[in-house]
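Trainee: What follows is final-v4.cif, mmCIF, C-alpha atoms.
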```
data_query
loop_
_atom_site.label_atom_id
_atom_site.label_comp_id
_atom_site.auth_asym_id
_atom_site.auth_seq_id
_atom_site.Cartn_x
_atom_site.Cartn_y
_atom_site.Cartn_z
CA MET A 74 158.62 -202.96 -37.76
CA THR A 75 156.88 -206.29 -37.30
CA PHE A 76 154.16 -207.63 -39.57
CA SER A 77 151.29 -210.08 -39.21
CA LYS A 78 148.93 -211.60 -41.77
CA HIS A 79 145.28 -210.63 -41.90
CA GLY A 80 142.54 -211.89 -44.14
CA SER A 81 142.43 -214.63 -46.70
CA GLY A 82 144.64 -212.77 -49.15
CA GLY A 83 147.68 -212.97 -46.89
CA GLN A 84 148.15 -209.20 -47.10
CA ARG A 85 150.72 -207.90 -44.69
CA SER A 86 149.96 -204.98 -42.41
CA PRO A 87 151.66 -203.48 -39.36
CA ALA A 88 150.91 -205.20 -36.08
CA PRO A 89 150.38 -202.98 -33.02
CA THR A 90 153.80 -202.30 -31.51
CA SER A 91 152.53 -201.90 -27.95
CA SER A 92 149.45 -202.45 -25.83
CA LEU A 93 146.95 -199.74 -24.98
CA LYS A 94 148.41 -199.51 -21.47
CA GLU A 95 151.94 -199.13 -22.79
CA ALA A 96 150.91 -196.50 -25.33
CA VAL A 97 149.04 -194.39 -22.76
CA GLU A 98 151.90 -194.65 -20.28
CA ARG A 99 154.31 -193.62 -23.01
CA GLY A 100 152.18 -190.52 -23.57
CA GLY A 101 152.76 -189.63 -19.92
CA PHE A 102 149.71 -187.37 -19.46
CA TYR A 103 147.71 -188.52 -16.42
CA PRO A 104 148.06 -192.18 -17.51
CA SER A 105 146.28 -193.67 -14.49
CA LEU A 106 143.21 -191.48 -15.03
CA VAL A 107 143.17 -192.06 -18.78
CA LEU A 108 143.52 -195.83 -18.45
CA HIS A 109 140.79 -196.03 -15.79
CA THR A 110 138.38 -194.07 -17.99
CA LEU A 111 139.18 -196.17 -21.05
CA ASP A 112 138.73 -199.39 -19.09
CA GLU A 113 135.23 -198.34 -18.03
CA ALA A 114 134.29 -197.28 -21.57
CA LEU A 115 135.61 -200.53 -23.08
CA ASP A 116 133.39 -202.46 -20.65
CA GLU A 117 135.55 -205.61 -20.48
CA ARG A 118 136.49 -205.49 -24.16
CA GLU A 119 140.19 -205.63 -25.04
CA ALA A 120 141.60 -203.01 -27.38
CA SER A 121 143.41 -204.52 -30.37
CA HIS A 122 144.73 -201.26 -31.85
CA GLN A 123 145.02 -197.70 -30.62
CA ILE A 124 146.16 -194.17 -31.35
CA VAL A 125 147.46 -192.11 -28.44
CA HIS A 126 148.06 -188.48 -29.38
CA VAL A 127 149.41 -185.88 -26.93
CA ASP A 128 149.35 -182.31 -28.17
CA THR A 129 150.96 -179.20 -26.66
CA HIS A 130 149.93 -175.58 -27.20
CA PHE A 131 151.73 -172.46 -26.02
CA ASP A 132 149.57 -169.49 -24.95
CA MET A 133 151.72 -166.52 -23.96
CA GLU A 134 153.53 -167.80 -20.85
CA GLU A 135 151.26 -170.82 -20.31
CA VAL A 136 151.65 -174.32 -21.70
CA HIS A 137 148.49 -176.32 -22.42
CA ARG A 138 148.50 -180.04 -23.13
CA HIS A 139 145.76 -182.49 -23.98
CA ILE A 140 145.57 -186.14 -24.94
CA THR A 141 143.29 -187.91 -27.41
CA VAL A 142 142.99 -191.70 -27.44
CA LEU A 143 141.25 -193.86 -30.04
CA ALA A 144 140.92 -197.51 -29.06
CA LEU A 145 139.53 -200.14 -31.42
CA ALA A 146 137.96 -203.13 -29.68
CA GLU A 147 135.90 -205.67 -31.60
CA ASP A 148 132.99 -203.71 -33.13
CA ILE A 149 133.45 -200.36 -31.35
CA ILE A 150 135.86 -197.45 -31.12
CA VAL A 151 136.32 -195.64 -27.82
CA VAL A 152 137.28 -192.00 -28.27
CA ALA A 153 138.64 -190.28 -25.17
CA HIS A 154 139.89 -186.72 -24.78
CA LEU A 155 141.46 -185.18 -21.67
CA ASP A 156 142.74 -181.70 -20.95
CA ASP A 157 143.55 -179.86 -17.73
CA HIS A 158 143.51 -176.30 -16.51
CA ASP A 159 143.88 -174.27 -13.33
CA LEU A 160 140.65 -173.77 -11.40
CA GLU A 161 140.91 -170.32 -9.88
CA ALA A 162 139.23 -169.50 -6.59
CA ASP A 163 136.13 -167.29 -6.72
CA ASP A 164 136.71 -163.55 -6.93
CA GLY A 165 137.10 -161.75 -3.62
CA PRO A 166 139.23 -162.45 -0.55
CA ALA A 167 139.39 -165.94 0.92
CA PHE A 168 139.31 -166.30 4.69
CA GLY A 169 140.09 -169.14 7.03
CA HIS A 170 139.25 -169.62 10.65
CA GLY A 171 139.35 -166.40 12.64
CA ASP A 172 138.68 -164.32 9.52
CA SER A 173 142.39 -164.17 8.73
CA PRO A 174 143.12 -163.92 5.02
CA HIS A 175 145.26 -166.59 3.41
CA PRO A 176 146.86 -166.72 -0.06
CA ARG A 177 144.70 -167.61 -3.00
CA ARG A 178 145.38 -171.05 -4.45
CA ALA A 179 144.72 -172.44 -7.93
CA ASP A 180 143.90 -176.15 -8.19
CA THR A 181 144.51 -178.18 -11.31
CA VAL A 182 141.46 -180.00 -12.64
CA ALA A 183 141.24 -182.44 -15.52
CA ARG A 184 138.24 -182.88 -17.77
CA ILE A 185 137.96 -186.14 -19.69
CA SER A 186 135.21 -187.06 -22.14
CA THR A 187 134.56 -190.38 -23.84
CA GLU A 188 132.40 -191.56 -26.70
CA VAL A 189 131.73 -195.15 -27.72
CA VAL A 190 131.21 -195.33 -31.47
CA PRO A 191 129.97 -198.52 -33.18
CA VAL A 192 132.21 -199.35 -36.13
CA SER A 193 129.09 -199.68 -38.29
CA ARG A 194 128.49 -195.94 -37.87
CA ILE A 195 131.79 -194.88 -39.43
CA ARG A 196 130.98 -192.81 -42.53
CA SER A 197 134.41 -191.75 -43.71
CA LEU A 198 137.97 -192.73 -42.93
CA ILE A 199 140.80 -190.81 -44.59
CA LEU A 200 144.48 -191.51 -44.05
CA SER A 201 147.17 -189.21 -45.45
CA GLU A 202 150.79 -190.38 -45.37
CA VAL A 203 153.98 -188.33 -45.67
CA HIS A 204 156.97 -190.28 -46.99
CA ARG A 205 160.60 -189.24 -46.69
CA THR A 206 162.66 -189.27 -49.91
CA PRO A 207 159.95 -190.98 -51.99
CA GLU A 208 162.48 -191.82 -54.72
CA ASN A 209 163.99 -194.32 -52.27
CA PHE A 210 160.66 -195.78 -51.14
CA THR A 211 160.51 -199.25 -49.60
CA PRO A 212 157.39 -200.74 -47.94
CA GLU A 213 159.25 -201.48 -44.71
CA ARG A 214 160.43 -197.92 -44.11
CA SER A 215 158.72 -195.84 -41.42
CA LEU A 216 156.67 -192.79 -42.41
CA ALA A 217 157.49 -189.18 -41.60
CA GLU A 218 153.92 -188.52 -40.45
CA VAL A 219 150.29 -189.54 -40.87
CA SER A 220 147.06 -187.55 -40.70
CA LEU A 221 143.72 -189.13 -39.89
CA ASN A 222 140.23 -187.77 -40.54
CA LEU A 223 137.42 -189.86 -39.11
CA THR A 224 133.70 -189.08 -39.43
CA TRP A 225 130.68 -190.77 -37.90
CA THR A 226 128.11 -188.07 -37.02
CA GLY A 227 128.21 -185.83 -40.07
CA GLY A 228 130.03 -183.11 -38.13
CA ALA A 229 132.23 -180.76 -40.14
CA ARG A 230 134.66 -177.85 -39.92
CA PHE A 231 134.29 -174.80 -42.16
CA ASP A 232 137.57 -173.02 -42.87
CA THR A 233 137.08 -169.49 -44.19
CA TYR A 234 139.43 -167.09 -45.93
CA PRO A 235 139.07 -163.94 -48.10
CA ALA A 236 137.91 -164.60 -51.65
CA GLU A 237 140.14 -163.36 -54.45
CA CYS A 238 139.46 -162.79 -58.14
CA GLY A 239 143.02 -163.38 -59.30
CA ASN A 240 143.71 -159.76 -60.26
CA PRO A 241 146.45 -158.37 -57.97
CA GLU A 242 145.29 -154.79 -58.70
CA CYS A 243 141.64 -155.47 -57.87
CA VAL A 244 140.40 -153.28 -54.99
CA PRO A 245 136.77 -154.33 -54.25
CA ASP A 246 136.08 -156.74 -51.41
CA HIS A 247 134.98 -160.10 -52.81
CA GLY A 248 133.76 -161.41 -49.47
CA ASP A 249 134.77 -164.71 -47.93
CA THR A 250 134.97 -168.24 -49.19
CA GLY A 251 136.04 -171.46 -47.55
CA ASN A 252 136.22 -175.23 -47.40
CA TRP A 253 133.71 -177.53 -45.76
CA VAL A 254 135.74 -180.33 -44.17
CA PRO A 255 133.76 -183.27 -42.72
CA GLU A 256 135.32 -184.54 -39.51
CA ASP A 257 134.67 -185.80 -36.02
CA ILE A 258 138.33 -186.55 -35.35
CA ALA A 259 141.31 -184.98 -37.09
CA LEU A 260 144.76 -186.03 -35.87
CA ARG A 261 148.28 -185.46 -37.15
CA ILE A 262 151.03 -187.72 -35.80
CA ALA A 263 154.59 -186.79 -36.75
CA ALA A 264 157.65 -188.95 -36.18
CA THR A 265 159.76 -185.93 -35.24
CA ALA A 266 157.37 -185.07 -32.39
CA GLU A 267 156.04 -188.44 -31.23
CA GLY A 268 158.42 -191.01 -32.66
CA ASP A 269 158.23 -193.73 -35.29
CA THR A 270 156.32 -196.03 -32.93
CA ALA A 271 153.37 -193.63 -32.65
CA VAL A 272 153.26 -193.19 -36.44
CA ASP A 273 153.35 -196.96 -37.04
CA GLU A 274 150.59 -197.51 -34.46
CA ALA A 275 148.39 -194.90 -36.17
CA ARG A 276 148.92 -196.59 -39.53
CA GLY A 277 148.12 -200.00 -38.05
CA PHE A 278 145.01 -198.59 -36.35
CA VAL A 279 143.65 -197.27 -39.65
CA ARG A 280 144.25 -200.56 -41.47
CA ALA A 281 142.55 -202.53 -38.69
CA LEU A 282 139.62 -200.11 -38.65
CA ARG A 283 139.19 -200.44 -42.41
CA ARG A 284 138.90 -204.21 -42.07
CA ALA A 285 136.44 -203.81 -39.18
CA CYS A 286 134.30 -201.37 -41.19
CA ILE A 287 134.02 -203.87 -44.04
CA LYS A 288 133.20 -206.68 -41.64
CA HIS A 289 130.51 -204.85 -39.65
CA THR A 290 128.77 -203.06 -42.51
CA ARG A 291 127.99 -206.20 -44.52
#
```
Once more with this new file: its structure as structure tokens, please.
Mentor:
Amino acid sequence: MTFSKHGSGGQRSPAPTSSLKEAVERGGFYPSLVLHTLDEALDEREASHQIVHVDTHFDMEEVHRHITVLALAEDIIVVAHLDDHDLEADDGPAFGHGDSPHPRRADTVARISTEVVPVSRIRSLILSEVHRTPENFTPERSLAEVSLNLTWTGGARFDTYPAECGNPECVPDHGDTGNWVPEDIALRIAATAEGDTAVDEARGFVRALRRACIKHTR
């Protein structure tokens, strides 16, 4: 892992290991479409750090994938999210010329959304790191995974679960309780799934964003 100096204190932090283009192409999920959309949202700015996260979900016999990209450029963050699905034809028979039926066909469509967030609007930035064999810790060693929670609008997730009183023989229903978790973006990047490069880039993104938040909220 390479390092570069930032700030007057000479503190070392990870430098981005690849460009935005390289990171999106490495993700391999409609890279041309994703890069075109990011380029328009950046509006001639150049991204200095990024997180590219491709996630896969299995639903019965179907596989669903989506990609989330965070790109830091000067005083803004561009947040892009893309997923795809099959667009089924309308119900009822489909007919061509001569009223002869033809097989139904499902087209794949992709939906991509972007948001441009001024760095000055960032309210909370939480980074959680998972270290392998912490008893052998060294600063240069790659992480097992990182989790990022980023908030700028005050949005939150409420996780509910049954309330318990602590008595295993207690029968009455105590209702539900839960946790209120502020978040606009919540990402988990694991080295086993996405590689050490993706984890290092996420860590570098967070450090760069912290510096930008301090700079643009003065």
Trainee: Could you list, as a CSV table (one decimal) with C-alpha atoms, in the coordinates of the input, every residue matched by the PyMOL selection byres ((chain A and resi 97) around 12) in this structure?
Mentor:
```csv
chain,number,residue,atom,x,y,z
A,91,SER,CA,152.5,-201.9,-28.0
A,92,SER,CA,149.4,-202.4,-25.8
A,93,LEU,CA,147.0,-199.7,-25.0
A,94,LYS,CA,148.4,-199.5,-21.5
A,95,GLU,CA,151.9,-199.1,-22.8
A,96,ALA,CA,150.9,-196.5,-25.3
A,98,GLU,CA,151.9,-194.6,-20.3
A,99,ARG,CA,154.3,-193.6,-23.0
A,100,GLY,CA,152.2,-190.5,-23.6
A,101,GLY,CA,152.8,-189.6,-19.9
A,102,PHE,CA,149.7,-187.4,-19.5
A,103,TYR,CA,147.7,-188.5,-16.4
A,104,PRO,CA,148.1,-192.2,-17.5
A,105,SER,CA,146.3,-193.7,-14.5
A,106,LEU,CA,143.2,-191.5,-15.0
A,107,VAL,CA,143.2,-192.1,-18.8
A,108,LEU,CA,143.5,-195.8,-18.4
A,109,HIS,CA,140.8,-196.0,-15.8
A,110,THR,CA,138.4,-194.1,-18.0
A,111,LEU,CA,139.2,-196.2,-21.0
A,123,GLN,CA,145.0,-197.7,-30.6
A,124,ILE,CA,146.2,-194.2,-31.4
A,125,VAL,CA,147.5,-192.1,-28.4
A,126,HIS,CA,148.1,-188.5,-29.4
A,127,VAL,CA,149.4,-185.9,-26.9
A,140,ILE,CA,145.6,-186.1,-24.9
A,141,THR,CA,143.3,-187.9,-27.4
A,142,VAL,CA,143.0,-191.7,-27.4
A,143,LEU,CA,141.2,-193.9,-30.0
A,144,ALA,CA,140.9,-197.5,-29.1
A,153,ALA,CA,138.6,-190.3,-25.2
A,155,LEU,CA,141.5,-185.2,-21.7
A,271,ALA,CA,153.4,-193.6,-32.6
```
Trainee: So which one's closest to Glu202 in chain A, A:Ile262, A:Ile149, A:Cys238, A:Ala285? Using all atoms listed in the file, please.
Mentor: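 Selected residue with least distance to Glu202 in chain A: A:Ile262.
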Trainee: So how far away is CA of Ala266 in chain A from CA of Leu216 in chain A, in Å?
Mentor: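 Taking CA of Leu216 in chain A and CA of Ala266 in chain A, their separation equals 12.7 Å.
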Trainee: What does the distance from CA of Ala275 in chain A to CA of Val182 in chain A come to in Å, to one decimal?
Mentor: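 Calculated distance between CA of Ala275 in chain A and CA of Val182 in chain A is 28.7 Å.
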Trainee: Set up a box along x, y and z of the file covering all listed atoms of range 197-204 of chain A, add 3 Å on every one of the six sides, and write the centre and edge lengths in Å to one decimal, as JSON.
Mentor:
```
{"center_x": 145.7, "center_y": -190.5, "center_z": -45.0, "size_x": 28.6, "size_y": 10.4, "size_z": 10.1}
```
Trainee: When distances are computed from all atoms listed in the file, which of A:Leu160, A:Ile258, A:Ile287, A:Leu115 shows the smallest separation from Ala183 in chain A?
Mentor: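 Among A:Leu160, A:Ile258, A:Ile287, A:Leu115, it is A:Leu160 that comes nearest to Ala183 in chain A.
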Trainee: Would you compute the distance between CA of Val272 in chain A and CA of Asn222 in chain A? Give it in Å to one decimal.
Mentor: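 A separation of 14.7 Å between them.
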Trainee: List the residues matched by the PyMOL selection byres ((chain A and resi 121) around 6) in the displayed structure as a PDB file with C-alpha atoms, in the coordinates of the input, ordered by chain and then by residue number.
Mentor:
```
ATOM      1  CA  ALA A 120     141.600-203.010 -27.380  1.00  0.00           C
ATOM      2  CA  HIS A 122     144.730-201.260 -31.850  1.00  0.00           C
ATOM      3  CA  LEU A 145     139.530-200.140 -31.420  1.00  0.00           C
ATOM      4  CA  ALA A 146     137.960-203.130 -29.680  1.00  0.00           C
TER       5      ALA A 146
END
```
Trainee: With distances taken over all atoms listed in the file, which residue among A:Glu267, A:Glu208, A:Asp156, A:Glu147 lies nearest Ser186 in chain A?
Mentor: A:Asp156
Trainee: Using only C-alpha atoms, find the one residue out of A:Ser220, A:Leu260, A:Thr226, A:His158 that sits nearest to Ile185 in chain A.
Mentor: A:His158
Trainee: Just want the 9 Å neighbourhood of Arg194 in chain A, counted on all atoms listed in the file, with same-chain residues fewer than 4 positions away dropped. Output as a PyMOL selection string.
Mentor: chain A and resi 190+224-226+286+290
Trainee: May I have the residues from that selection written out with C-alpha atoms, as a PDB file, in the frame of the given file?
Mentor:
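Wrote it out as result04.pdb, contents follow:
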```pdb
ATOM      1  CA  VAL A 190     131.210-195.330 -31.470  1.00  0.00           C
ATOM      2  CA  THR A 224     133.700-189.080 -39.430  1.00  0.00           C
ATOM      3  CA  TRP A 225     130.680-190.770 -37.900  1.00  0.00           C
ATOM      4  CA  THR A 226     128.110-188.070 -37.020  1.00  0.00           C
ATOM      5  CA  CYS A 286     134.300-201.370 -41.190  1.00  0.00           C
ATOM      6  CA  THR A 290     128.770-203.060 -42.510  1.00  0.00           C
TER       7      THR A 290
END
```
Trainee: In terms of the shortest atom-to-atom distance over all atoms listed in the file, which of A:Pro212, A:Asp159, A:Asp112, A:Gly277 is closest to Thr181 in chain A?
Mentor: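 Checking each of A:Pro212, A:Asp159, A:Asp112, A:Gly277 against Thr181 in chain A, counting all atoms listed in the file, the winner is A:Asp159.
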